Amino acid sequence: MSDLDDFKATYFDECSELLLDLEEQFAAIQSGDRSADRLNAVFRAIHSIKGGGGAFGFSELVAFAHAYETLLDHVRDGRIELSDPVATLCIRANDIVADFVNAAKAGTSLGAGYGADERKQFDALTSGEQAAEDEGPGGDDEFDIDFTPVMVTLAEAPEPEASVPADDSFKQAPLAVEKGHWEIRFAPHRELYARANDPLLLFRELANLGELTVDARLSEIPVLSDFDPFGIYCVWELTLISPTATINDIAEVFEFVEGNCDLSIVQLTKPAASAEPDAAAEANLSDLAAMAAPAESDAPLSFEALAETVKKDMPVRAAAPKPAAPAPAQPAAPAAPAMILAGDDPDDRRTGPDDRRGAAAMQSIRVDLDKVDRVVNMVGELVITQSMLTQQMDETLRARYQELVRGLEVLAQTTRGLQDAVMAIRAQPVKSVFSRMPRLVRELAVKTGKKIKLETIGEATEIDKTVIEQLSDPLTHMIRNSADHGIESPEKRIKAGKPEVGTIRLSAEQAGGNILIAVEDDGGGINRERVLEVAREKGIVAPEITPTDEQIDQLIFAPGFSTAAEVSDISGRGVGMDVVLSNIKKIGGSVHVRSRTGRGTRMTLRLPLTLAVLDVMLVRVGPSPYVVPLSSIVETIQCSRADFGRTPTGAKVLRVRGEYVQVVDLADRFMLATDIELANRFVVLCEAEGGNKVALVVDDIIGQQQVVIKSLEENFESIEGIAGGTILGDGNVALIVDVQGLRAPALGHKNAA
Amino acid sequence: MRVLTVDDSRTILAMLHHTLSNAGFEVLQAEDGQKGLDVLQREKVDVVITDINMPVMDGIEFIKNVRSSGEYNSLPILILTTETSQDKRDQGRAAGGTGWIVKPFDPEKLISVIHRVVH
């Protein structure tokens with residue numbers, strides 16, 4: 001059912017927001033802010049997760065959240081002090097809730113035992129009060145999940161009758177009851193009206209159960225001089241004939257007015273049917289009548305007459321006391337001033353956040369990402385068309401059509417502005433990814449027995465949503481790596497004269513058209529000897545080569561690289577850091593690592609601000625146009641001035657400032673015929689991930705421009721060495737060269753010299 | 001018929017909206033008690049369904065405020081809550097709640113409960 005799926009999607013969205021909020025709340029709590037607002041916010045978050053979870057029958061989640069909520073309830077009303085151990089338990093519980101949410105999302109089960117230890121701790125903390133409460137909410141939860149909610153309230157509903165006098169007769173006469181004949185006596189209190197309950201509606205509902213006769217008892221109505229227009233004088237006696245209605249059905253009708261009225265429900269017995277209930281009713285009546293007794297004796301006649309009218313027009317009269325509620329309504333009126341205060345108070349106190357919330361609600365709308373993408377795409381096309389138009393303007397045209405030129409300039413500006421604005425729509429703060437990391441670090445610290453603190457900087461930095469989504473895995477991996485291999489054990493750190501607690505710093509900043517995200521630790525740095533040893537063992541580095549330190553550091557990203565020590569519970573999940581590289585590559589970014597022995601390691605991700613539009617250099621190879629991402633181009637060189645050489649294996653290399661760079665002739669690579677002499681061709685020197693360079697040989701360099709990337713996988717099929725396609729201003733299709741994909745993977749080739 | 005739904009959970013608001021609009025109700029929404037009061041000042045509604053646990057102004061305060069104004073004494077207010085404990089429900093009723101619906105709600109039951117408190 002798609003509606004349900006929609007609701008679930010909303011629920012999981014909401015859960016992630018609430019879980020993020022929990023992280024924030026506890027970050028503040030841990031730094032000493034234990035205000036009631038915080039605790040309430042935490043309680044509400046868990047409460048909401050539980051509430052929604054119940055709606056979808058996520059019973060494991062609900063059961064755990066319920067136990068946790070009980071603890072939080074105790075904490076927020078001060079029955080349990082939020083000591084550090086309790087806060088730690090709560091943080092752990094948040095993580096478990098997150099796990100349950102994720103499991104529910106994935107449609108899997110974590111098993112009944114998951115979180116059992118924590119639940120035991122909750123119970124231990126809340127014990128005492130817990131014994132009593134376990135029965136109630138715990139039991140109810142089962143109902144919440146397995147039955148319609150009404151079952152819960154129904155089960156409790158018969159209680160009111162148990163206390164009314166008529167109950168005895170009801171119990172005594174079960175064998176003699178006349179099936180389907182009920183006598184109901186109903187005397188509302190003022191509170192009933194104050195709560196907007198209405199006898200008429202109750203009678204309407206009763207009438208749905210069977211044949212209903214309503215009799216209004218007006219004997220309590222006083223003489224006019226004593227008549228309080230807001231007073232409650234009416235008592236009703238009802239007879240319900242229904243072969244099917246049960247006591248529960250009838251009780252349910254009065255469910256909402258329980259305690260706000262005198263009520264007796266009696267099933268008539270066959271022999272001497274009405275004697276006992278009547279007696280009971282009379283007893284009740286006399287209690288009530290006592291108050292109005294003088295009135296009754298003073299003016300019996302006039303009231304008889306009034307009674308007739310009322311009987312005929314019962315519903316109207318029944319509703320009549322309703323206006324009574326306002327002024328004298330007992331529970332509401334005296335409490336009112338206090339309530340106004342209480343109501344105003346949070347308002348005043350929280351004007352700031354409230355305004356902000358209000359503003360946010362008013363100023364934001366939810367838009368399907370597809371729609372935004374369509375706009376992004378069209379704006380991209382617009383940018384390209386505009387730049388094409390500008391290019392068409394040669395000097396003669398410029399001189400002749402000055403107005404047109406001016407118009408085009410304005411168009412160019414506006415288009416750029418439009419592009420930026422559209423990109424801003426897709427941009428999101430990296431906070432959404434960063435905020436998942438504290439938990440990771442906590443868990444890693446526990447598993448490794450190290451002491452680690454995480455610092456985050458630049459959480460507000462915004463990147464394209466698609467990039468953000470792709471960022472979580474690589475970051476997780478990098479932080480795992482830092483915690484596992486970077487940070488040393490507390491003993492080692494103390495020996496090395498470092499603070500016992502290691503620091504992992506996660507930062508984001510914008511640098512030009514790129515976002516830089518860095519994971520930095522103050523650990524021992526990369527063990528280069530070990531890395532090189534492993535790399536040689538695995539044949540990643542040829543024995544005769546001596547890589548520089550920087551190249552060794554970069555080896556940790558090489559496919560298949562994994563030091564023996566790395567096969568641990570944390571980092572060794574069958575994949576190495578090469579996953580980071582390939583993920584980042586996928587989104588057009590690069591990874592760079594810098595390590596200083598004994599001081600720490602810094603891994604930097606360089607990511608494009610947006611994925612939709614790419615600045616490229618347009619080149620020609622044979623008859624076809626190709627584009628090379630501008631961000632990867634280091635320089636261009638005329639082949640006549642390039643210093644080519646060959647490796648002992650016969651591979652062509654280019655010598656640039658003493659460095660040997662692998663050469664890829666795109667004409668050869670893509671099997672295109674070219675009749676241009678090598679000397680007239682060009683070298684486009686590109687830098688791939690981690691500073692590895694590759695020299696592309698092309699026929700001609702046409703110029704720079706922006707293109708909108710079209711996926712080849714989606715529109716055709718994936719081709720090695722090609723990152724995608726684009727449609728040029730003249731309608732031609734150009735393929736985007738995948739610089740990294742063209743580079744031969746083995747380090748051996750590159751440095752062969 | 002117009003229903004004001006007050007809940008800080010988007011999921012619950014969405015489910016209420018779906019259920020109620022399918023049943024022919026016009027649905028207004030607010031995310032907390034304060035916003036609920038704001039809506040009531042602008043709009044006329046026939047019935048209110050409110051959550052208890054909400055930020056800024058919780059459901060109890062919201063109901064108290066609605067009732068204290070005197071203007072809405074005959075406005076039915078249904079408390080929507082997972083709190084099956086008698087305690088919360090009693091607080092809601094003491095504040096002036098007309099009836100209650102226990103989350104998670106059964107759609108048919110929700111509609112029938114509304115009909116129980118609205119003319």
# chains A, B, ... in the order shown; residues from 1 in each chain; ligands from 1
>>> select_by_dssp(residues="region 424-536 of chain A", states="strand (DSSP E)", output="ChimeraX atom specification")
/A:427-429,452-457,462-464,502-511,514-521
>>> residues_around(residues="Phe254 (chain A)", least_positions_apart="3", cutoff="10 Å", atoms="only C-alpha atoms", output="ChimeraX atom specification")
/A:157-158,160,186,199,202-203,205-206,248-251,257-261,263
>>> residues_around(residues="Val6 (chain B)", least_positions_apart="2", cutoff="6 Å", atoms="only C-alpha atoms", output="PDB file with N, CA and C atoms, in the first residue's frame")
ATOM      1  N   GLN B  29      -3.463  22.041  10.245  1.00  0.00           N
ATOM      2  CA  GLN B  29      -2.389  21.431  11.032  1.00  0.00           C
ATOM      3  C   GLN B  29      -1.594  22.462  11.825  1.00  0.00           C
ATOM      4  N   ALA B  30      -1.111  22.032  12.968  1.00  0.00           N
ATOM      5  CA  ALA B  30      -0.203  22.857  13.758  1.00  0.00           C
ATOM      6  C   ALA B  30       0.782  21.922  14.435  1.00  0.00           C
ATOM      7  N   GLU B  31       2.013  22.424  14.628  1.00  0.00           N
ATOM      8  CA  GLU B  31       3.070  21.535  15.135  1.00  0.00           C
ATOM      9  C   GLU B  31       3.250  21.593  16.644  1.00  0.00           C
ATOM     10  N   ASP B  32       2.634  22.562  17.267  1.00  0.00           N
ATOM     11  CA  ASP B  32       2.684  22.581  18.726  1.00  0.00           C
ATOM     12  C   ASP B  32       1.486  23.377  19.227  1.00  0.00           C
ATOM     13  N   THR B  50      -5.455  16.825  19.450  1.00  0.00           N
ATOM     14  CA  THR B  50      -4.122  17.295  19.855  1.00  0.00           C
ATOM     15  C   THR B  50      -3.301  16.224  20.562  1.00  0.00           C
TER      16      THR B  50
END
>>> select_by_dssp(residues="region 15-44 of chain A", states="alpha helix (DSSP H)", output="PyMOL selection string")
chain A and resi 15-30+36-44
>>> write_last_selection(atoms="N, CA and C atoms", output="mmCIF file, in the first residue's frame")
data_model
loop_
_atom_site.group_PDB
_atom_site.id
_atom_site.type_symbol
_atom_site.label_atom_id
_atom_site.label_comp_id
_atom_site.auth_asym_id
_atom_site.auth_seq_id
_atom_site.Cartn_x
_atom_site.Cartn_y
_atom_site.Cartn_z
ATOM 1 N N CYS A 15 12.507 10.269 11.967
ATOM 2 C CA CYS A 15 13.398 9.583 12.908
ATOM 3 C C CYS A 15 14.827 10.082 12.750
ATOM 4 N N SER A 16 15.286 10.214 11.499
ATOM 5 C CA SER A 16 16.680 10.653 11.361
ATOM 6 C C SER A 16 16.845 12.052 11.926
ATOM 7 N N GLU A 17 15.845 12.906 11.708
ATOM 8 C CA GLU A 17 15.939 14.248 12.288
ATOM 9 C C GLU A 17 15.964 14.187 13.815
ATOM 10 N N LEU A 18 15.098 13.348 14.357
ATOM 11 C CA LEU A 18 15.024 13.256 15.821
ATOM 12 C C LEU A 18 16.318 12.684 16.387
ATOM 13 N N LEU A 19 16.884 11.714 15.681
ATOM 14 C CA LEU A 19 18.121 11.105 16.164
ATOM 15 C C LEU A 19 19.266 12.115 16.105
ATOM 16 N N LEU A 20 19.266 12.929 15.055
ATOM 17 C CA LEU A 20 20.266 13.992 14.970
ATOM 18 C C LEU A 20 20.091 14.955 16.135
ATOM 19 N N ASP A 21 18.843 15.284 16.378
ATOM 20 C CA ASP A 21 18.528 16.202 17.462
ATOM 21 C C ASP A 21 19.014 15.623 18.792
ATOM 22 N N LEU A 22 18.830 14.313 18.952
ATOM 23 C CA LEU A 22 19.276 13.663 20.182
ATOM 24 C C LEU A 22 20.780 13.809 20.361
ATOM 25 N N GLU A 23 21.504 13.615 19.259
ATOM 26 C CA GLU A 23 22.964 13.782 19.319
ATOM 27 C C GLU A 23 23.301 15.173 19.856
ATOM 28 N N GLU A 24 22.611 16.161 19.286
ATOM 29 C CA GLU A 24 22.881 17.541 19.683
ATOM 30 C C GLU A 24 22.530 17.774 21.140
ATOM 31 N N GLN A 25 21.359 17.267 21.524
ATOM 32 C CA GLN A 25 20.923 17.485 22.899
ATOM 33 C C GLN A 25 21.941 16.893 23.868
ATOM 34 N N PHE A 26 22.410 15.696 23.546
ATOM 35 C CA PHE A 26 23.333 15.050 24.477
ATOM 36 C C PHE A 26 24.710 15.678 24.431
ATOM 37 N N ALA A 27 25.059 16.233 23.287
ATOM 38 C CA ALA A 27 26.327 16.968 23.228
ATOM 39 C C ALA A 27 26.255 18.124 24.223
ATOM 40 N N ALA A 28 25.104 18.811 24.235
ATOM 41 C CA ALA A 28 24.924 19.933 25.166
ATOM 42 C C ALA A 28 24.849 19.427 26.604
ATOM 43 N N ILE A 29 24.151 18.297 26.778
ATOM 44 C CA ILE A 29 24.019 17.741 28.126
ATOM 45 C C ILE A 29 25.391 17.364 28.677
ATOM 46 N N GLN A 30 26.199 16.783 27.810
ATOM 47 C CA GLN A 30 27.526 16.365 28.267
ATOM 48 C C GLN A 30 28.424 17.545 28.576
ATOM 49 N N ALA A 36 15.782 21.734 31.906
ATOM 50 C CA ALA A 36 14.551 20.972 31.690
ATOM 51 C C ALA A 36 14.200 20.916 30.207
ATOM 52 N N ASP A 37 14.480 22.007 29.498
ATOM 53 C CA ASP A 37 14.174 22.046 28.068
ATOM 54 C C ASP A 37 14.864 20.921 27.321
ATOM 55 N N ARG A 38 16.119 20.745 27.647
ATOM 56 C CA ARG A 38 16.893 19.701 26.986
ATOM 57 C C ARG A 38 16.302 18.330 27.281
ATOM 58 N N LEU A 39 16.050 18.095 28.564
ATOM 59 C CA LEU A 39 15.547 16.780 28.954
ATOM 60 C C LEU A 39 14.184 16.525 28.327
ATOM 61 N N ASN A 40 13.373 17.574 28.272
ATOM 62 C CA ASN A 40 12.066 17.400 27.644
ATOM 63 C C ASN A 40 12.202 17.104 26.161
ATOM 64 N N ALA A 41 13.123 17.791 25.531
ATOM 65 C CA ALA A 41 13.325 17.572 24.098
ATOM 66 C C ALA A 41 13.772 16.128 23.843
ATOM 67 N N VAL A 42 14.638 15.648 24.719
ATOM 68 C CA VAL A 42 15.101 14.264 24.578
ATOM 69 C C VAL A 42 13.929 13.306 24.758
ATOM 70 N N PHE A 43 13.153 13.564 25.783
ATOM 71 C CA PHE A 43 12.003 12.704 26.043
ATOM 72 C C PHE A 43 11.053 12.693 24.841
ATOM 73 N N ARG A 44 10.780 13.892 24.324
ATOM 74 C CA ARG A 44 9.842 13.994 23.201
ATOM 75 C C ARG A 44 10.340 13.252 21.973
#
>>> atom_distance(atom1="CA of Val48 (chain B)", atom2="CA of Leu20 (chain B)")
11.9 Å
>>> interface_residues(of="chain B", to="chain A", cutoff="9 Å", atoms="only C-alpha atoms", output="JSON, numbers by chain")
{"B": [8, 9, 10, 11, 12, 14, 15, 18, 34, 35, 53, 54, 55, 56, 57, 61, 62, 64, 65, 67, 68, 69, 70, 71, 72, 73, 74, 75, 76, 77, 81, 82, 83, 84, 85, 93, 94, 95, 96, 97, 98, 99, 100, 101, 102, 103, 104, 105, 106, 109, 115, 116, 117, 118, 119]}
>>> atom_distance(atom1="CA of Phe561 (chain A)", atom2="CA of Met577 (chain A)")
7.8 Å
>>> residues_around(residues="Thr476 (chain A)", least_positions_apart="3", cutoff="10 Å", atoms="only C-alpha atoms", output="PyMOL selection string")
chain A and resi 433-434+436-437+440-441+471-473+479-482+571+580
>>> closest_residue(among="A:Leu82, A:Ala412, A:Ile487, A:Ile633", to="Gln391 (chain A)", atoms="only C-alpha atoms")
A:Ala412
>>> residues_around(residues="Gly497 (chain A)", least_positions_apart="4", cutoff="12 Å", atoms="only C-alpha atoms", output="number ranges by chain")
A: 488, 490-493, 501-502, 523-524, 598-599
>>> write_last_selection(atoms="C-alpha atoms", output="compact mmCIF listing (two decimals), in the first residue's frame")
# COMPACT_ATOMS: atom_id res chain seq x y z
CA GLU A 488 47.63 5.07 19.94
CA PRO A 490 46.50 5.59 26.21
CA GLU A 491 49.67 4.00 27.59
CA LYS A 492 51.58 4.57 24.40
CA ARG A 493 50.37 8.13 24.19
CA VAL A 501 42.92 11.30 25.04
CA GLY A 502 43.51 11.23 21.31
CA GLY A 523 48.18 9.66 16.45
CA GLY A 524 51.38 7.99 15.47
CA GLY A 598 54.62 10.49 15.74
CA ARG A 599 52.47 13.55 15.05
>>> atom_distance(atom1="CA of Thr448 (chain A)", atom2="CA of Asp549 (chain A)")
27.6 Å
>>> residues_around(residues="Thr601 (chain A)", least_positions_apart="5", cutoff="7 Å", atoms="only C-alpha atoms", output="ChimeraX atom specification")
/A:486,520-523,525-526,594-596
>>> residues_around(residues="Ile91 (chain A)", least_positions_apart="3", cutoff="9 Å", atoms="only C-alpha atoms", output="PyMOL selection string")
chain A and resi 22-23+26+86-88+94-96+439
>>> write_last_selection(atoms="C-alpha atoms", output="mmCIF file, in the first residue's frame")
data_model
loop_
_atom_site.group_PDB
_atom_site.id
_atom_site.type_symbol
_atom_site.label_atom_id
_atom_site.label_comp_id
_atom_site.auth_asym_id
_atom_site.auth_seq_id
_atom_site.Cartn_x
_atom_site.Cartn_y
_atom_site.Cartn_z
ATOM 1 C CA LEU A 22 19.276 13.663 20.182
ATOM 2 C CA GLU A 23 22.964 13.782 19.319
ATOM 3 C CA PHE A 26 23.333 15.050 24.477
ATOM 4 C CA VAL A 86 23.147 7.761 33.312
ATOM 5 C CA ALA A 87 24.016 10.171 30.493
ATOM 6 C CA THR A 88 26.381 7.590 29.061
ATOM 7 C CA ASN A 94 20.142 6.537 21.544
ATOM 8 C CA ASP A 95 22.477 4.457 19.457
ATOM 9 C CA ILE A 96 20.385 1.382 20.065
ATOM 10 C CA ARG A 439 28.578 7.801 17.734
#
>>> decode(residues="region 69-98 of chain B", atoms="N, CA and C atoms", output="short mmCIF file (atom, residue, chain, number, x, y, z; two decimals), in the first residue's frame")
data_model
loop_
_atom_site.label_atom_id
_atom_site.label_comp_id
_atom_site.auth_asym_id
_atom_site.auth_seq_id
_atom_site.Cartn_x
_atom_site.Cartn_y
_atom_site.Cartn_z
N SER B 69 -10.04 30.77 27.36
CA SER B 69 -10.43 31.95 26.60
C SER B 69 -11.94 32.17 26.66
N GLY B 70 -12.70 31.12 26.99
CA GLY B 70 -14.15 31.27 27.08
C GLY B 70 -14.85 31.20 25.75
N GLU B 71 -14.08 31.39 24.71
CA GLU B 71 -14.68 31.47 23.39
C GLU B 71 -14.97 30.08 22.82
N TYR B 72 -14.20 29.11 23.31
CA TYR B 72 -14.27 27.79 22.69
C TYR B 72 -14.76 26.73 23.66
N ASN B 73 -15.71 27.09 24.51
CA ASN B 73 -16.12 26.12 25.51
C ASN B 73 -16.84 24.92 24.93
N SER B 74 -17.46 25.14 23.79
CA SER B 74 -18.18 24.01 23.22
C SER B 74 -17.39 23.34 22.10
N LEU B 75 -16.13 23.73 21.99
CA LEU B 75 -15.31 23.11 20.96
C LEU B 75 -14.78 21.77 21.46
N PRO B 76 -15.15 20.69 20.79
CA PRO B 76 -14.64 19.39 21.26
C PRO B 76 -13.14 19.27 21.00
N ILE B 77 -12.42 18.81 22.00
CA ILE B 77 -10.98 18.61 21.86
C ILE B 77 -10.67 17.16 22.20
N LEU B 78 -10.12 16.48 21.24
CA LEU B 78 -9.73 15.07 21.47
C LEU B 78 -8.24 15.01 21.72
N ILE B 79 -7.87 14.28 22.75
CA ILE B 79 -6.46 14.12 23.08
C ILE B 79 -5.94 12.90 22.34
N LEU B 80 -4.86 13.12 21.63
CA LEU B 80 -4.28 12.03 20.86
C LEU B 80 -2.95 11.71 21.51
N THR B 81 -2.83 10.55 22.04
CA THR B 81 -1.60 10.28 22.78
C THR B 81 -1.31 8.80 22.89
N THR B 82 -0.04 8.51 23.00
CA THR B 82 0.34 7.12 23.26
C THR B 82 0.27 6.83 24.75
N GLU B 83 0.08 7.88 25.53
CA GLU B 83 0.04 7.68 26.98
C GLU B 83 -1.24 6.93 27.32
N THR B 84 -1.10 5.66 27.51
CA THR B 84 -2.29 4.91 27.88
C THR B 84 -2.48 4.94 29.39
N SER B 85 -1.47 5.49 30.06
CA SER B 85 -1.63 5.56 31.51
C SER B 85 -2.75 6.53 31.83
N GLN B 86 -3.52 6.17 32.79
CA GLN B 86 -4.68 6.96 33.20
C GLN B 86 -4.25 8.38 33.53
N ASP B 87 -3.02 8.49 34.01
CA ASP B 87 -2.48 9.74 34.50
C ASP B 87 -2.57 10.87 33.47
N LYS B 88 -1.98 10.65 32.31
CA LYS B 88 -1.94 11.68 31.27
C LYS B 88 -3.35 12.00 30.77
N ARG B 89 -4.12 10.97 30.62
CA ARG B 89 -5.46 11.14 30.11
C ARG B 89 -6.28 12.00 31.08
N ASP B 90 -6.10 11.70 32.36
CA ASP B 90 -6.82 12.48 33.37
C ASP B 90 -6.38 13.94 33.35
N GLN B 91 -5.08 14.15 33.18
CA GLN B 91 -4.58 15.53 33.09
C GLN B 91 -5.23 16.24 31.91
N GLY B 92 -5.31 15.53 30.80
CA GLY B 92 -5.91 16.10 29.60
C GLY B 92 -7.38 16.41 29.81
N ARG B 93 -8.06 15.53 30.47
CA ARG B 93 -9.48 15.75 30.72
C ARG B 93 -9.67 16.88 31.72
N ALA B 94 -8.82 16.88 32.76
CA ALA B 94 -8.94 17.93 33.77
C ALA B 94 -8.73 19.30 33.11
N ALA B 95 -7.86 19.32 32.11
CA ALA B 95 -7.59 20.59 31.42
C ALA B 95 -8.77 20.99 30.54
N GLY B 96 -9.64 20.04 30.24
CA GLY B 96 -10.81 20.37 29.43
C GLY B 96 -10.94 19.53 28.18
N GLY B 97 -10.18 18.47 28.10
CA GLY B 97 -10.28 17.58 26.93
C GLY B 97 -11.62 16.87 26.90
N THR B 98 -12.19 16.76 25.71
CA THR B 98 -13.51 16.16 25.59
C THR B 98 -13.43 14.64 25.58
#
